[in-house]
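Peer 1: Quick one: the structure is below, questions incoming.
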Amino acid sequence: MKNRTLGRTGAAISEIGFGAWQIGGAWGDVTEEDGKRALNAALDAGVTFVDTADVYGDGRSEKIIASVLKERGGEKPFVATKAGRRLNPHVAEGYTATNIEAFIDRSLTNLGVETLDLVQLHCPPTEVFYRPDMFGALDDLTVKGKIRSYGVSVSNVEEALKAIEYPGVATIQIIYNIFRQRPHDLFFEQAQKKNVGIIVRVPLASGLLSGKITADTKFADDDHRKFNRNGEFFDVGETFAGVPLDVALEAVEQVRPLVPQGASMAQFALAWILQSPAVSVVIPGARNEAQAKANAAASELPAIPAETLAALADVYERLIKVHVHQKW
């Protein structure tokens, strides 16, 4: 497992992390024991970065992580969580110092720690990015010792560019994958200039880039790939990266021949993301041990040849770009 530096946090972390949304909820039936086994498998494979949120299973994800780390003992991985989506309604007015500190206190309890490694505002409304008081409140929580660093999980490139204007923002979490290439155009360059760490989420476009989803695939009622297909509950860009399923499936079939022998499409998609030196870590989720091990192994794939990268760019330009590029 190769390591990278997480921006101005200075933390050396594995370039493949563990996204803990799946072990919390909204991905169908993943038992607590399955979640524990998946996380243990990732850690055994050299993963040292875990990303979660207080709303994943209403704290279940954080509690599973705490349980696993307590049982394992020894050196702890870097654990990032998120705050803000517990607000109901989820509106900019709810982003106050009092509310965010209460959410952070809850995460401290769930994770069983005195200080959180990293707290990220969880895709807040765009108005929050224009509120210096909110970022000042996070500075205060750093001084209090409740958090070591903070960042923002963003919905689009514009929010990312605004967020890194604040000197305390150490990381940005953003969607970036073969079907969502816009962040590479400008944002990555600006983030590198400011030494901001980039955490890449939704790397497999909600499983599309595993190559295993078909038009006939059935999703459980509590799987966001069923209940949020059109953005009914949160930004549609979080589900299948916002690409219409029929278009995405056509694109997947054009990506498939480009996957090198000996690698899965999922591993290939992760390796594509890691081609960018601006990326600090990519956080695929895993429902079981096998997925966790396979994700970690993507770190060992060789660099993707220039002609293959050009072919992937062509697929994006012809099929995907018109659906997603200017939205996110």
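Ligands are numbered from 1 in the order shown, chains are lettered A, B, ... in the order of the structure tokens, and residues start at 1 in each chain.
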So that I can see what lies close to Leu111 (chain A), please list as a PyMOL selection string the residues with an atom at most 7 Å from it, counting only C-alpha atoms and leaving out residues fewer than 5 positions away in the same chain.
Peer 2: chain A and resi 62-63+65-66
Peer 1: What would the file look like if the residues just selected were written as a short mmCIF file (atom, residue, chain, number, x, y, z; two decimals), in the first residue's frame with C-alpha atoms?
Peer 2:
data_model
loop_
_atom_site.label_atom_id
_atom_site.label_comp_id
_atom_site.auth_asym_id
_atom_site.auth_seq_id
_atom_site.Cartn_x
_atom_site.Cartn_y
_atom_site.Cartn_z
CA GLU A 62 -18.99 5.60 13.76
CA LYS A 63 -19.80 3.07 16.48
CA ILE A 65 -15.39 1.88 13.66
CA ALA A 66 -14.91 2.56 17.38
#
Peer 1: Pick out the residues sitting within 7 Å of region 155-169 of chain A, and hand them over as a list in words; count only C-alpha atoms, and ignore anything fewer than 2 positions along from it in its own chain.
Peer 2: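 Contacts, in chain order: Cys123, Thr126, Phe129, Asp139, Tyr150, Gly151, Thr171, Ile172, Ile174, Pro183, Phe187 and Trp328 of chain A.
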Peer 1: For the residues selected in the previous step, produce a file with N, CA and C atoms as a short mmCIF file (atom, residue, chain, number, x, y, z; two decimals), in the first residue's frame.
Peer 2:
data_model
loop_
_atom_site.label_atom_id
_atom_site.label_comp_id
_atom_site.auth_asym_id
_atom_site.auth_seq_id
_atom_site.Cartn_x
_atom_site.Cartn_y
_atom_site.Cartn_z
N CYS A 123 -21.47 18.47 3.01
CA CYS A 123 -22.21 19.02 1.87
C CYS A 123 -23.23 20.06 2.32
N THR A 126 -25.01 25.92 -0.19
CA THR A 126 -24.00 26.81 -0.77
C THR A 126 -23.82 28.08 0.05
N PHE A 129 -20.91 28.48 2.57
CA PHE A 129 -19.54 28.75 2.10
C PHE A 129 -19.22 30.24 2.12
N ASP A 139 -12.44 26.93 13.67
CA ASP A 139 -11.14 27.33 14.23
C ASP A 139 -11.18 27.26 15.76
N TYR A 150 -9.96 20.50 10.05
CA TYR A 150 -11.30 20.48 9.47
C TYR A 150 -11.25 20.71 7.97
N GLY A 151 -12.31 20.27 7.32
CA GLY A 151 -12.43 20.44 5.88
C GLY A 151 -13.90 20.50 5.52
N THR A 171 -8.81 20.16 4.06
CA THR A 171 -9.15 19.13 3.09
C THR A 171 -10.46 19.46 2.39
N ILE A 172 -10.60 18.91 1.19
CA ILE A 172 -11.86 18.96 0.45
C ILE A 172 -12.20 17.53 0.04
N ILE A 174 -14.58 15.44 -2.48
CA ILE A 174 -15.31 15.74 -3.71
C ILE A 174 -15.48 14.46 -4.53
N PRO A 183 -13.45 18.11 -11.77
CA PRO A 183 -12.54 18.63 -10.74
C PRO A 183 -11.09 18.75 -11.20
N PHE A 187 -9.83 22.86 -10.24
CA PHE A 187 -9.81 22.75 -8.79
C PHE A 187 -8.55 22.05 -8.27
N TRP A 328 -21.77 19.84 -11.76
CA TRP A 328 -20.99 19.56 -10.55
C TRP A 328 -19.52 19.92 -10.71
#
Peer 1: Considering only C-alpha atoms, can you say which of A:Val68, A:Pro277, A:Leu87, A:His184 comes closest to Asp44 (chain A)?
Peer 2: A:Val68
Peer 1: From the DSSP assignment of the backbone, select every residue of region 104-272 of chain A that is alpha helix (DSSP H), and format the answer as a ChimeraX atom specification.
Peer 2: /A:104-111,132-144,157-163,187-193,224-227,245-255,265-272
Peer 1: Write out as a CSV table (one decimal) with N, CA and C atoms, in the first residue's frame the residues lying within 12 Å of Asp216 (chain A), counting only C-alpha atoms and excluding same-chain residues fewer than 2 positions away.
Peer 2:
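So the final result, stored in result39.csv, reads:
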chain,number,residue,atom,x,y,z
A,212,LYS,N,-20.5,-4.5,-12.7
A,212,LYS,CA,-21.4,-5.6,-12.3
A,212,LYS,C,-22.9,-5.2,-12.3
A,213,ILE,N,-23.2,-3.9,-12.5
A,213,ILE,CA,-24.5,-3.5,-12.5
A,213,ILE,C,-25.1,-3.6,-14.0
A,214,THR,N,-26.3,-4.1,-14.1
A,214,THR,CA,-26.9,-4.1,-15.4
A,214,THR,C,-28.3,-3.4,-15.3
A,218,LYS,N,-31.5,-5.3,-9.4
A,218,LYS,CA,-32.5,-4.9,-8.4
A,218,LYS,C,-31.8,-4.4,-7.1
A,219,PHE,N,-32.3,-3.2,-6.6
A,219,PHE,CA,-31.7,-2.7,-5.4
A,219,PHE,C,-32.8,-2.7,-4.3
A,245,LEU,N,-28.9,6.2,-15.9
A,245,LEU,CA,-28.4,4.8,-15.9
A,245,LEU,C,-28.2,4.2,-17.2
A,246,ASP,N,-29.1,4.5,-18.2
A,246,ASP,CA,-28.9,3.8,-19.5
A,246,ASP,C,-27.6,4.3,-20.2
A,249,LEU,N,-24.5,2.8,-18.4
A,249,LEU,CA,-24.3,1.4,-18.7
A,249,LEU,C,-23.7,1.2,-20.1
Peer 1: Dump as a Markdown table the rows for residues of region 245-286 of chain A within 7 Å of region 188-207 of chain A: closest atom pair and distance in Å with one decimal, only C-alpha atoms counted, ordered by chain and rising residue number.
Peer 2:
| residue | atom | partner | partner_atom | distance |
| --- | --- | --- | --- | --- |
| A:Ala266 | CA | A:Leu204 | CA | 6.6 |
| A:Ala269 | CA | A:Leu204 | CA | 6.6 |
| A:Leu270 | CA | A:Pro203 | CA | 6.5 |
| A:Ala278 | CA | A:Phe188 | CA | 5.8 |
| A:Val279 | CA | A:Ile198 | CA | 5.1 |
| A:Ser280 | CA | A:Ile198 | CA | 5.1 |
| A:Val281 | CA | A:Ile199 | CA | 5.2 |
| A:Val282 | CA | A:Val200 | CA | 4.6 |
| A:Ile283 | CA | A:Arg201 | CA | 5.5 |
| A:Pro284 | CA | A:Pro203 | CA | 6.1 |
Peer 1: Those same residues, written as a PDB file, in the first residue's frame with N, CA and C atoms?
Peer 2:
ATOM      1  N   ALA A 266     -13.279  -2.279 -11.140  1.00  0.00           N
ATOM      2  CA  ALA A 266     -13.262  -1.412  -9.954  1.00  0.00           C
ATOM      3  C   ALA A 266     -11.837  -0.986  -9.617  1.00  0.00           C
ATOM      4  N   ALA A 269     -10.680   1.558 -12.090  1.00  0.00           N
ATOM      5  CA  ALA A 269     -11.286   2.868 -11.849  1.00  0.00           C
ATOM      6  C   ALA A 269     -10.601   3.587 -10.695  1.00  0.00           C
ATOM      7  N   LEU A 270     -10.217   2.856  -9.664  1.00  0.00           N
ATOM      8  CA  LEU A 270      -9.493   3.459  -8.542  1.00  0.00           C
ATOM      9  C   LEU A 270      -8.102   3.903  -8.989  1.00  0.00           C
ATOM     10  N   ALA A 278      -2.651  15.215  -7.323  1.00  0.00           N
ATOM     11  CA  ALA A 278      -3.380  16.108  -6.417  1.00  0.00           C
ATOM     12  C   ALA A 278      -4.234  15.330  -5.426  1.00  0.00           C
ATOM     13  N   VAL A 279      -4.608  14.121  -5.778  1.00  0.00           N
ATOM     14  CA  VAL A 279      -5.460  13.300  -4.913  1.00  0.00           C
ATOM     15  C   VAL A 279      -4.656  12.779  -3.732  1.00  0.00           C
ATOM     16  N   SER A 280      -5.199  12.967  -2.528  1.00  0.00           N
ATOM     17  CA  SER A 280      -4.548  12.454  -1.321  1.00  0.00           C
ATOM     18  C   SER A 280      -4.976  11.028  -1.033  1.00  0.00           C
ATOM     19  N   VAL A 281      -6.273  10.751  -1.198  1.00  0.00           N
ATOM     20  CA  VAL A 281      -6.808   9.434  -0.865  1.00  0.00           C
ATOM     21  C   VAL A 281      -8.142   9.251  -1.577  1.00  0.00           C
ATOM     22  N   VAL A 282      -8.420   8.029  -1.978  1.00  0.00           N
ATOM     23  CA  VAL A 282      -9.708   7.685  -2.564  1.00  0.00           C
ATOM     24  C   VAL A 282     -10.398   6.714  -1.613  1.00  0.00           C
ATOM     25  N   ILE A 283     -11.710   6.900  -1.412  1.00  0.00           N
ATOM     26  CA  ILE A 283     -12.387   6.166  -0.339  1.00  0.00           C
ATOM     27  C   ILE A 283     -13.530   5.282  -0.858  1.00  0.00           C
ATOM     28  N   PRO A 284     -13.209   4.196  -1.538  1.00  0.00           N
ATOM     29  CA  PRO A 284     -14.272   3.276  -1.942  1.00  0.00           C
ATOM     30  C   PRO A 284     -14.898   2.623  -0.719  1.00  0.00           C
TER      31      PRO A 284
END
Peer 1: What's around Gly17 (chain A) at 12 Å? Count only C-alpha atoms, leave out sequence neighbours fewer than 5 positions away in its own chain, and write the answer as a VMD selection string.
Peer 2: chain A and resid 1 to 4 6 12 39 41 to 43 45 to 52 77 to 80 199 to 201 203 270 274 279 to 286 292 to 293 295 to 299
Peer 1: For the residues in the current selection, export C-alpha atoms as a CSV table (one decimal), in the first residue's frame.
Peer 2:
chain,number,residue,atom,x,y,z
A,1,MET,CA,0.0,0.0,0.0
A,2,LYS,CA,1.4,3.3,-1.0
A,3,ASN,CA,1.1,6.4,1.2
A,4,ARG,CA,0.3,10.0,0.4
A,6,LEU,CA,-3.2,14.6,3.4
A,12,ALA,CA,0.8,10.3,6.0
A,39,LEU,CA,-13.2,-2.8,8.0
A,41,ALA,CA,-9.9,-6.6,6.1
A,42,ALA,CA,-9.2,-3.1,4.9
A,43,LEU,CA,-7.0,-2.4,7.9
A,45,ALA,CA,-4.5,-4.8,3.9
A,46,GLY,CA,-2.7,-1.6,4.9
A,47,VAL,CA,-5.5,1.0,4.8
A,48,THR,CA,-4.8,3.8,7.3
A,49,PHE,CA,-7.6,6.2,6.4
A,50,VAL,CA,-11.2,5.7,7.3
A,51,ASP,CA,-14.0,8.1,6.3
A,52,THR,CA,-17.4,8.2,8.0
A,77,PRO,CA,-5.8,4.8,11.5
A,78,PHE,CA,-6.7,8.4,10.6
A,79,VAL,CA,-10.4,8.7,11.1
A,80,ALA,CA,-12.4,11.5,9.3
A,199,ILE,CA,-10.4,13.1,-0.5
A,200,VAL,CA,-12.2,11.4,-3.4
A,201,ARG,CA,-15.6,9.9,-2.8
A,203,PRO,CA,-15.0,6.6,-7.0
A,270,LEU,CA,-9.5,3.5,-8.5
A,274,LEU,CA,-4.8,7.9,-8.4
A,279,VAL,CA,-5.5,13.3,-4.9
A,280,SER,CA,-4.5,12.5,-1.3
A,281,VAL,CA,-6.8,9.4,-0.9
A,282,VAL,CA,-9.7,7.7,-2.6
A,283,ILE,CA,-12.4,6.2,-0.3
A,284,PRO,CA,-14.3,3.3,-1.9
A,285,GLY,CA,-16.8,1.6,0.2
A,286,ALA,CA,-17.0,-2.1,0.9
A,292,ALA,CA,-12.2,-4.4,1.0
A,293,LYS,CA,-9.2,-6.5,0.0
A,295,ASN,CA,-10.0,-2.2,-3.2
A,296,ALA,CA,-6.8,-2.1,-1.3
A,297,ALA,CA,-5.0,-4.1,-4.0
A,298,ALA,CA,-5.7,-1.3,-6.5
A,299,SER,CA,-2.7,0.6,-5.0
Peer 1: Name the closest residue to Ser153 (chain A) among the candidates A:Ile104, A:Gly59, A:Glu238, A:Phe233; distances are taken between atoms, counting only C-alpha atoms.
Peer 2: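 When distances to Ser153 (chain A) are compared using only C-alpha atoms, the smallest one comes from A:Glu238.
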Peer 1: What does the distance between CA of Arg182 (chain A) and CA of Lys321 (chain A) come to in Å, to one decimal place?
Peer 2: 8.8 Å
Peer 1: Nearest to Val324 (chain A): which of A:Ala97, A:Val119, A:Ala311, A:Ile178 is it, counting only C-alpha atoms?
Peer 2: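 When distances to Val324 (chain A) are compared using only C-alpha atoms, the smallest one comes from A:Ile178.
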Peer 1: Within 10 Å of Phe179 (chain A), counting only C-alpha atoms, which residues show up once you throw out same-chain ones fewer than 6 positions away? Write them as a CSV table (one decimal) with N, CA and C atoms, in the first residue's frame, please.
Peer 2:
chain,number,residue,atom,x,y,z
A,203,PRO,N,-16.0,6.9,-5.9
A,203,PRO,CA,-15.0,6.6,-7.0
A,203,PRO,C,-15.5,5.7,-8.0
A,204,LEU,N,-16.5,4.8,-7.7
A,204,LEU,CA,-17.0,3.8,-8.6
A,204,LEU,C,-18.4,4.2,-9.1
A,205,ALA,N,-18.7,5.5,-9.0
A,205,ALA,CA,-20.1,5.9,-9.4
A,205,ALA,C,-21.2,5.0,-8.9
A,208,LEU,N,-21.3,1.5,-10.5
A,208,LEU,CA,-21.4,1.4,-11.9
A,208,LEU,C,-20.0,1.0,-12.5
A,209,LEU,N,-18.9,1.6,-11.9
A,209,LEU,CA,-17.6,1.3,-12.5
A,209,LEU,C,-17.0,0.0,-11.9
A,240,PHE,N,-25.0,7.2,-8.7
A,240,PHE,CA,-24.5,7.0,-10.0
A,240,PHE,C,-23.8,8.2,-10.6
A,241,ALA,N,-23.2,9.0,-9.7
A,241,ALA,CA,-22.5,10.3,-10.2
A,241,ALA,C,-23.4,11.2,-11.0
A,242,GLY,N,-24.7,11.0,-10.9
A,242,GLY,CA,-25.6,11.9,-11.6
A,242,GLY,C,-25.8,11.5,-13.1
A,243,VAL,N,-25.3,10.4,-13.5
A,243,VAL,CA,-25.4,10.0,-14.9
A,243,VAL,C,-26.6,9.2,-15.1
A,248,ALA,N,-25.0,5.6,-18.6
A,248,ALA,CA,-23.8,5.1,-17.9
A,248,ALA,C,-23.5,3.6,-18.2
A,251,ALA,N,-21.7,3.5,-21.4
A,251,ALA,CA,-20.3,3.9,-21.2
A,251,ALA,C,-19.4,2.8,-20.5
A,252,VAL,N,-20.0,2.1,-19.6
A,252,VAL,CA,-19.3,1.1,-18.9
A,252,VAL,C,-18.9,0.0,-19.9
A,269,ALA,N,-10.7,1.6,-12.1
A,269,ALA,CA,-11.3,2.9,-11.8
A,269,ALA,C,-10.6,3.6,-10.7
A,312,LEU,N,-10.2,6.8,-22.4
A,312,LEU,CA,-11.2,7.0,-21.3
A,312,LEU,C,-11.7,8.5,-21.4
A,313,ALA,N,-10.8,9.4,-21.7
A,313,ALA,CA,-11.3,10.8,-21.9
A,313,ALA,C,-12.3,10.9,-23.1
A,315,VAL,N,-14.4,8.5,-24.0
A,315,VAL,CA,-15.7,8.0,-23.6
A,315,VAL,C,-16.4,9.1,-22.8
A,316,TYR,N,-15.7,9.8,-22.0
A,316,TYR,CA,-16.3,10.9,-21.2
A,316,TYR,C,-16.9,12.0,-22.1
A,317,GLU,N,-16.1,12.4,-23.0
A,317,GLU,CA,-16.4,13.5,-23.9
A,317,GLU,C,-17.7,13.2,-24.7
A,319,LEU,N,-20.0,10.6,-24.3
A,319,LEU,CA,-21.2,10.0,-23.7
A,319,LEU,C,-21.6,10.7,-22.3
A,320,ILE,N,-20.7,11.1,-21.6
A,320,ILE,CA,-21.0,11.5,-20.2
A,320,ILE,C,-21.0,13.0,-20.0
A,321,LYS,N,-20.1,13.7,-20.6
A,321,LYS,CA,-19.9,15.1,-20.3
A,321,LYS,C,-21.2,16.0,-20.3
A,323,HIS,N,-24.1,15.4,-19.6
A,323,HIS,CA,-25.0,15.1,-18.5
A,323,HIS,C,-24.5,15.6,-17.1
A,324,VAL,N,-23.2,15.8,-17.0
A,324,VAL,CA,-22.7,16.1,-15.6
A,324,VAL,C,-21.8,17.3,-15.5
A,325,HIS,N,-21.1,17.6,-16.6
A,325,HIS,CA,-19.9,18.5,-16.5
A,325,HIS,C,-20.2,19.9,-15.8
Peer 1: If we count only C-alpha atoms, what is near region 69-72 of chain A at a cut-off of 9 Å, once residues fewer than 5 positions away on the same chain are taken out, given as a list in words?
Peer 2: Asn40, Ile64, Pro77 and Gly112 of chain A
